[in-house]
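**Q** Data: model16.cif, mmCIF, C-alpha atoms (C1' of nucleotides).
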```cif
data_my_file
#
loop_
_atom_site.label_atom_id
_atom_site.label_comp_id
_atom_site.auth_asym_id
_atom_site.auth_seq_id
_atom_site.Cartn_x
_atom_site.Cartn_y
_atom_site.Cartn_z
CA MET Q 250 -1.87 95.59 -0.96
CA ALA Q 251 -1.78 92.76 1.50
CA PRO Q 252 -0.35 89.64 -0.12
CA ARG Q 253 -2.80 86.76 -0.19
CA ARG Q 254 -1.60 83.66 1.57
CA LEU Q 255 -2.54 80.01 1.63
CA LYS Q 256 -4.48 78.57 4.55
CA PRO Q 257 -2.97 75.90 6.81
CA ASP Q 258 -5.00 73.03 5.36
CA GLN Q 259 -4.02 74.07 1.84
CA ILE Q 260 -0.34 74.12 2.85
CA THR Q 261 -0.64 70.66 4.38
CA GLU Q 262 -2.24 69.40 1.18
CA MET Q 263 0.54 70.98 -0.87
CA PHE Q 264 3.28 69.13 1.00
CA ARG Q 265 1.25 65.92 1.10
CA ARG Q 266 1.37 65.98 -2.70
CA PHE Q 267 5.07 66.82 -2.83
CA GLN Q 268 5.79 63.88 -0.55
CA ALA Q 269 3.60 61.50 -2.54
CA ALA Q 270 5.35 62.50 -5.77
CA ASP Q 271 8.87 62.40 -4.35
CA PRO Q 272 9.22 60.72 -0.92
CA ALA Q 273 13.00 61.19 -0.61
CA PRO Q 274 14.07 64.30 -2.53
CA GLU Q 275 17.78 64.95 -2.95
CA GLY Q 276 19.79 67.98 -3.93
CA GLU Q 277 21.63 68.04 -7.21
CA LEU Q 278 25.03 69.27 -6.07
CA ASP Q 279 27.66 66.51 -6.13
CA TYR Q 280 29.75 65.97 -2.98
CA VAL Q 281 31.58 63.17 -1.18
CA ASN Q 282 31.58 64.38 2.43
CA PRO Q 283 30.37 67.33 4.55
CA TYR Q 284 33.43 69.38 3.65
CA THR Q 285 32.98 69.02 -0.10
CA LEU Q 286 29.29 69.75 0.32
CA LEU Q 287 30.18 73.02 2.04
CA VAL Q 288 32.58 73.91 -0.78
CA ALA Q 289 30.03 72.98 -3.44
CA VAL Q 290 27.37 75.17 -1.86
CA VAL Q 291 29.76 78.12 -1.60
CA LEU Q 292 30.61 77.69 -5.27
CA SER Q 293 26.94 77.45 -6.24
CA ALA Q 294 26.11 81.11 -5.59
CA GLN Q 295 24.66 82.62 -8.77
CA ALA Q 296 25.64 79.49 -10.66
CA THR Q 297 23.85 76.41 -11.98
CA ASP Q 298 24.31 73.05 -10.24
CA VAL Q 299 25.35 71.54 -13.58
CA GLY Q 300 28.11 74.10 -13.94
CA VAL Q 301 29.29 73.57 -10.36
CA ASN Q 302 29.32 69.77 -10.71
CA ARG Q 303 31.32 70.00 -13.93
CA ALA Q 304 34.04 71.84 -12.03
CA THR Q 305 33.92 69.95 -8.72
CA GLY Q 306 33.94 66.48 -10.31
CA PRO Q 307 37.66 66.58 -11.15
CA LEU Q 308 38.44 68.73 -8.11
CA PHE Q 309 36.88 66.52 -5.40
CA LYS Q 310 38.49 63.44 -6.89
CA PHE Q 311 41.80 64.61 -5.43
CA VAL Q 312 40.87 67.43 -3.10
CA ASP Q 313 38.33 66.37 -0.47
CA THR Q 314 39.73 67.78 2.79
CA PRO Q 315 40.60 71.28 4.05
CA GLU Q 316 44.30 70.31 4.22
CA LYS Q 317 44.41 69.24 0.59
CA MET Q 318 42.56 72.41 -0.44
CA VAL Q 319 45.01 74.70 1.34
CA GLU Q 320 47.86 72.72 -0.15
CA LEU Q 321 46.32 73.10 -3.60
CA GLY Q 322 46.28 76.87 -3.21
CA GLU Q 323 44.19 79.67 -4.65
CA ALA Q 324 45.75 79.85 -8.12
CA GLU Q 325 45.38 76.11 -8.70
CA LEU Q 326 41.84 76.13 -7.37
CA ILE Q 327 40.94 78.86 -9.84
CA SER Q 328 42.13 76.64 -12.67
CA TYR Q 329 39.38 74.17 -11.65
CA ILE Q 330 36.57 76.66 -11.11
CA ARG Q 331 37.28 79.30 -13.74
CA THR Q 332 34.11 78.31 -15.60
CA ILE Q 333 31.96 79.24 -12.60
CA GLY Q 334 30.82 82.82 -12.12
CA LEU Q 335 32.38 84.93 -9.37
CA TYR Q 336 35.37 82.54 -9.30
CA ARG Q 337 37.96 84.92 -7.86
CA MET Q 338 36.00 85.69 -4.71
CA LYS Q 339 34.88 82.08 -4.36
CA ALA Q 340 38.44 80.74 -4.64
CA ARG Q 341 39.65 83.20 -2.02
CA ASN Q 342 36.78 82.27 0.32
CA VAL Q 343 37.22 78.50 -0.09
CA ILE Q 344 40.92 78.65 0.74
CA ALA Q 345 40.35 80.96 3.73
CA LEU Q 346 37.42 78.92 4.97
CA SER Q 347 39.47 75.72 4.72
CA GLN Q 348 42.27 77.24 6.79
CA ILE Q 349 39.75 78.25 9.46
CA LEU Q 350 38.33 74.71 9.59
CA ILE Q 351 41.88 73.40 10.17
CA ASP Q 352 42.75 76.00 12.79
CA ARG Q 353 39.54 76.05 14.82
CA TYR Q 354 37.46 72.96 14.14
CA GLY Q 355 39.89 70.06 13.77
CA SER Q 356 39.29 70.07 9.99
CA GLU Q 357 35.63 69.20 10.56
CA VAL Q 358 32.59 71.13 9.36
CA PRO Q 359 30.98 72.58 12.51
CA ARG Q 360 27.38 71.58 13.16
CA ASP Q 361 26.57 75.07 14.34
CA ARG Q 362 24.85 77.92 12.51
CA ALA Q 363 26.86 80.76 14.05
CA ALA Q 364 30.17 78.99 13.43
CA LEU Q 365 29.21 78.28 9.83
CA GLU Q 366 28.11 81.86 9.17
CA GLU Q 367 31.45 83.17 10.42
CA LEU Q 368 33.19 81.39 7.56
CA PRO Q 369 33.99 83.63 4.57
CA GLY Q 370 31.56 83.10 1.72
CA VAL Q 371 29.02 81.43 4.01
CA GLY Q 372 25.79 83.29 4.74
CA ARG Q 373 22.49 82.21 6.18
CA LYS Q 374 21.33 80.35 3.09
CA THR Q 375 24.55 78.31 2.73
CA ALA Q 376 24.61 77.52 6.45
CA ASN Q 377 21.03 76.29 6.27
CA VAL Q 378 21.81 74.01 3.32
CA VAL Q 379 24.80 72.47 5.10
CA LEU Q 380 22.87 71.94 8.34
CA ASN Q 381 20.01 70.34 6.40
CA ILE Q 382 21.92 68.08 4.02
CA ALA Q 383 25.06 67.22 5.98
CA PHE Q 384 23.47 66.99 9.41
CA GLY Q 385 19.81 66.25 8.68
CA GLU Q 386 18.46 69.25 10.54
CA PRO Q 387 15.00 70.61 9.60
CA THR Q 388 16.30 73.98 8.39
CA ILE Q 389 14.69 75.61 5.37
CA ALA Q 390 17.27 77.39 3.22
CA VAL Q 391 15.66 80.22 1.27
CA ASP Q 392 17.42 80.82 -2.01
CA THR Q 393 16.18 82.55 -5.13
CA HIS Q 394 13.76 79.66 -5.84
CA LEU Q 395 12.23 79.50 -2.37
CA PHE Q 396 11.93 83.27 -2.26
CA ARG Q 397 10.09 83.32 -5.57
CA LEU Q 398 7.77 80.40 -4.73
CA GLY Q 399 7.02 81.69 -1.25
CA ASN Q 400 5.70 84.91 -2.74
CA ARG Q 401 4.26 83.62 -6.00
CA THR Q 402 2.20 80.76 -4.59
CA GLY Q 403 1.08 82.50 -1.41
CA LEU Q 404 2.81 79.88 0.73
CA ALA Q 405 5.04 82.34 2.60
CA PRO Q 406 4.98 85.92 1.30
CA GLY Q 407 7.83 88.18 2.46
CA LYS Q 408 9.90 91.16 1.37
CA THR Q 409 13.25 89.51 2.14
CA PRO Q 410 14.59 85.93 2.08
CA LEU Q 411 14.86 85.96 5.88
CA GLU Q 412 11.23 87.03 6.18
CA VAL Q 413 10.18 84.17 3.90
CA GLU Q 414 12.32 81.72 5.88
CA LEU Q 415 10.81 82.70 9.23
CA LYS Q 416 7.34 82.49 7.78
CA LEU Q 417 8.04 79.03 6.34
CA GLU Q 418 9.29 77.99 9.76
CA LYS Q 419 5.82 78.84 11.08
CA VAL Q 420 3.53 77.54 8.35
CA VAL Q 421 5.23 74.33 7.18
CA PRO Q 422 3.94 71.37 9.21
CA PRO Q 423 6.79 69.85 11.31
CA GLU Q 424 6.73 66.49 9.55
CA TYR Q 425 7.48 68.20 6.23
CA LYS Q 426 10.21 70.62 7.32
CA ARG Q 427 13.17 68.36 6.69
CA HIS Q 428 12.42 68.00 3.00
CA ALA Q 429 10.63 71.30 2.36
CA HIS Q 430 13.78 72.90 0.92
CA HIS Q 431 14.33 70.15 -1.62
CA TRP Q 432 10.73 69.82 -2.70
CA LEU Q 433 10.38 73.55 -3.24
CA ILE Q 434 13.73 74.03 -4.94
CA LEU Q 435 13.14 71.16 -7.37
CA HIS Q 436 9.64 72.44 -8.05
CA GLY Q 437 11.05 75.92 -8.65
CA ARG Q 438 13.80 74.65 -10.92
CA TYR Q 439 11.70 72.48 -13.21
CA VAL Q 440 8.09 73.60 -12.97
CA CYS Q 441 7.57 76.92 -11.20
CA LYS Q 442 10.43 78.55 -13.11
CA ALA Q 443 11.25 82.25 -12.80
CA ARG Q 444 10.67 83.03 -16.47
CA LYS Q 445 7.98 80.74 -17.79
CA PRO Q 446 6.26 78.74 -15.05
CA GLU Q 447 4.66 75.57 -16.40
CA CYS Q 448 1.39 75.82 -14.51
CA PRO Q 449 -0.48 73.26 -16.67
CA ARG Q 450 1.76 70.44 -15.42
CA CYS Q 451 2.07 71.74 -11.85
CA LEU Q 452 0.73 69.36 -9.21
CA ILE Q 453 -0.37 72.17 -6.90
CA ASN Q 454 -1.79 74.61 -9.45
CA ASP Q 455 -5.26 74.35 -7.91
CA LEU Q 456 -3.93 75.58 -4.57
CA CYS Q 457 -1.52 78.25 -5.88
CA LEU Q 458 -2.52 81.92 -5.70
CA PHE Q 459 -0.36 83.12 -8.60
CA LYS Q 460 -2.54 85.58 -10.48
CA GLU Q 461 -1.01 85.33 -13.93
CA LYS Q 462 -1.27 81.57 -13.82
CA THR Q 463 -0.96 79.99 -17.26
CA VAL Q 464 -3.93 77.83 -18.08
CA SER Q 465 -3.92 74.60 -20.05
CA VAL Q 466 -5.98 74.71 -23.21
CA PRO Q 467 -7.84 71.43 -23.77
"C1'" DA Y 287 22.61 99.69 -3.58
"C1'" DT Y 288 26.53 97.64 -5.82
"C1'" DC Y 289 30.08 94.48 -7.03
"C1'" DC Y 290 31.69 89.87 -8.23
"C1'" DC Y 291 31.34 87.21 -13.11
"C1'" DG Y 292 31.02 82.76 -16.48
"C1'" DA Y 293 27.70 79.64 -18.90
"C1'" DG Y 294 23.42 78.74 -20.86
"C1'" DG Y 295 18.72 79.87 -22.53
"C1'" DG Y 296 15.40 82.75 -25.01
"C1'" DC C 255 21.22 91.17 -27.27
"C1'" DC C 256 18.72 90.19 -22.82
"C1'" DC C 257 18.07 87.57 -18.39
"C1'" DT C 258 18.83 83.89 -14.95
"C1'" DC C 259 21.34 80.60 -12.32
"C1'" DT C 260 20.41 76.81 -4.93
"C1'" DG C 261 24.48 84.56 -2.57
"C1'" DG C 262 27.68 87.02 0.13
"C1'" DA C 263 30.32 90.98 1.44
"C1'" DT C 264 30.95 95.84 1.30
#
```
Now that the file is in, can you turn its structure into structure tokens?
**A**
Amino acid sequence: MAPRRLKPDQITEMFRRFQAADPAPEGELDYVNPYTLLVAVVLSAQATDVGVNRATGPLFKFVDTPEKMVELGEAELISYIRTIGLYRMKARNVIALSQILIDRYGSEVPRDRAALEELPGVGRKTANVVLNIAFGEPTIAVDTHLFRLGNRTGLAPGKTPLEVELKLEKVVPPEYKRHAHHWLILHGRYVCKARKPECPRCLINDLCLFKEKTVSVP
DNA sequence: ATCCCGAGGG
DNA sequence: CCCTCTGGAT
């Protein structure tokens, strides 16, 4: 069956409300510079931001450059991030990625999608987050939250994250693109949750096309 | 499609 | 016990 989708004026209204409620949304991953942001996002795969911040707090206090990370080494890095899921692969990727930044990019985080996606542990979603947060570009990173909301609300239905991203690129009004990722991710994290969406206190529940919408009982 | 892989919630 | 959490590589 063809997925129902919101109309342009409804989408504009949706983002108008998001902006009114939270004019300058921010991500919840802690970082001190573009490099630590990149590391934090790599570590955040299949992990909670709280869990990532707990590990990166002590780490970034001393290790905030690619050189210091390579010097720290994989085994030591693991001692910091052992409480995060998938830590072996992540530690290996962070060390390798740091060495590549030193060798090819003068220890800077490249402001370039292709260059970012060549780094181990960095895919399209991570590259989009870095471009958006570190460099202020209007990219819309589609993670598990955006993918769910795009389909559930009718904002941008798609079978894959990339499909949802390209559709968002088309339907989100230009003036809202820069913050679309943050608004949607925060909404997905606290209100439009995967398990038990709290529709009664959702500020766009009258626009949303979710069929099993929970209704408030007066 | 499957693996990686710990913490927290229900 | 079950599932989910700002995925990526094979």
**Q** What residues in chain Y lie within 10 Å of chain Q, counting only C-alpha atoms (C1' of nucleotides), written as an NGL selection string?
**A** :Y and (290-294 or 296)
**Q** Go through the shown structure with the PyMOL selection byres ((chain Q and resi 261) around 12) and write out the matching residues as a CSV table (one decimal) with C-alpha atoms, keeping the file's coordinate frame.
**A**
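Okay, expr-v5.csv is ready:
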```
chain,number,residue,atom,x,y,z
Q,255,LEU,CA,-2.5,80.0,1.6
Q,256,LYS,CA,-4.5,78.6,4.6
Q,257,PRO,CA,-3.0,75.9,6.8
Q,258,ASP,CA,-5.0,73.0,5.4
Q,259,GLN,CA,-4.0,74.1,1.8
Q,260,ILE,CA,-0.3,74.1,2.8
Q,262,GLU,CA,-2.2,69.4,1.2
Q,263,MET,CA,0.5,71.0,-0.9
Q,264,PHE,CA,3.3,69.1,1.0
Q,265,ARG,CA,1.2,65.9,1.1
Q,266,ARG,CA,1.4,66.0,-2.7
Q,267,PHE,CA,5.1,66.8,-2.8
Q,268,GLN,CA,5.8,63.9,-0.6
Q,404,LEU,CA,2.8,79.9,0.7
Q,420,VAL,CA,3.5,77.5,8.4
Q,421,VAL,CA,5.2,74.3,7.2
Q,422,PRO,CA,3.9,71.4,9.2
Q,423,PRO,CA,6.8,69.8,11.3
Q,424,GLU,CA,6.7,66.5,9.6
Q,425,TYR,CA,7.5,68.2,6.2
Q,426,LYS,CA,10.2,70.6,7.3
Q,429,ALA,CA,10.6,71.3,2.4
Q,453,ILE,CA,-0.4,72.2,-6.9
Q,456,LEU,CA,-3.9,75.6,-4.6
```
**Q** Figure out the distance between CA of Ala345 (chain Q) and CA of Asp313 (chain Q), please, to one decimal in Å.
**A**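 Going from CA of Asp313 (chain Q) over to CA of Ala345 (chain Q), I get 15.3 Å.
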**Q** Using Å and a single decimal, report how far CA of Thr305 (chain Q) sits from CA of Tyr329 (chain Q).
**A**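 Result for CA of Tyr329 (chain Q) versus CA of Thr305 (chain Q): 7.5 Å, one decimal.
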**Q** Could you give me, as a Markdown table, every chain C residue with an atom at most 6 Å from chain Q, plus its closest atom pair and distance in Å to one decimal, counting all atoms listed in the file, rows ordered by chain then number?
**A**
```
| residue | atom | partner | partner_atom | distance |
| --- | --- | --- | --- | --- |
| C:DC259 | C1' | Q:Ala296 | CA | 4.7 |
| C:DT260 | C1' | Q:Asp392 | CA | 5.8 |
| C:DG261 | C1' | Q:Ala294 | CA | 4.9 |
| C:DG262 | C1' | Q:Gly370 | CA | 5.7 |
```
**Q** Just give me the gap between CA of Lys445 (chain Q) and CA of Val301 (chain Q) in Å, one decimal is fine.
**A** 23.7 Å
**Q** Put the listed atoms of chain C in a box along x, y and z with 8 Å added on every side and give me the centre and edge lengths in Å to one decimal, as JSON.
**A**
```
{"center_x": 24.5, "center_y": 86.3, "center_z": -12.9, "size_x": 28.9, "size_y": 35.0, "size_z": 44.7}
```
**Q** Taking the file as I've supplied it (selection: the PyMOL selection byres ((chain C and resi 256) around 12)), which residues are included? Please answer as a PyMOL selection string.
**A** (chain Y and resi 295-296) or (chain C and resi 255+257-258)
**Q** Rank Q:Thr314, Q:Ser328, Q:Thr285, Q:Asn342 by their smallest atom-to-atom distance to DA263 (chain C), using only C-alpha atoms (C1' of nucleotides), and report the top residue only.
**A**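 Once distances to DA263 (chain C) are computed over only C-alpha atoms (C1' of nucleotides), the minimum belongs to Q:Asn342.
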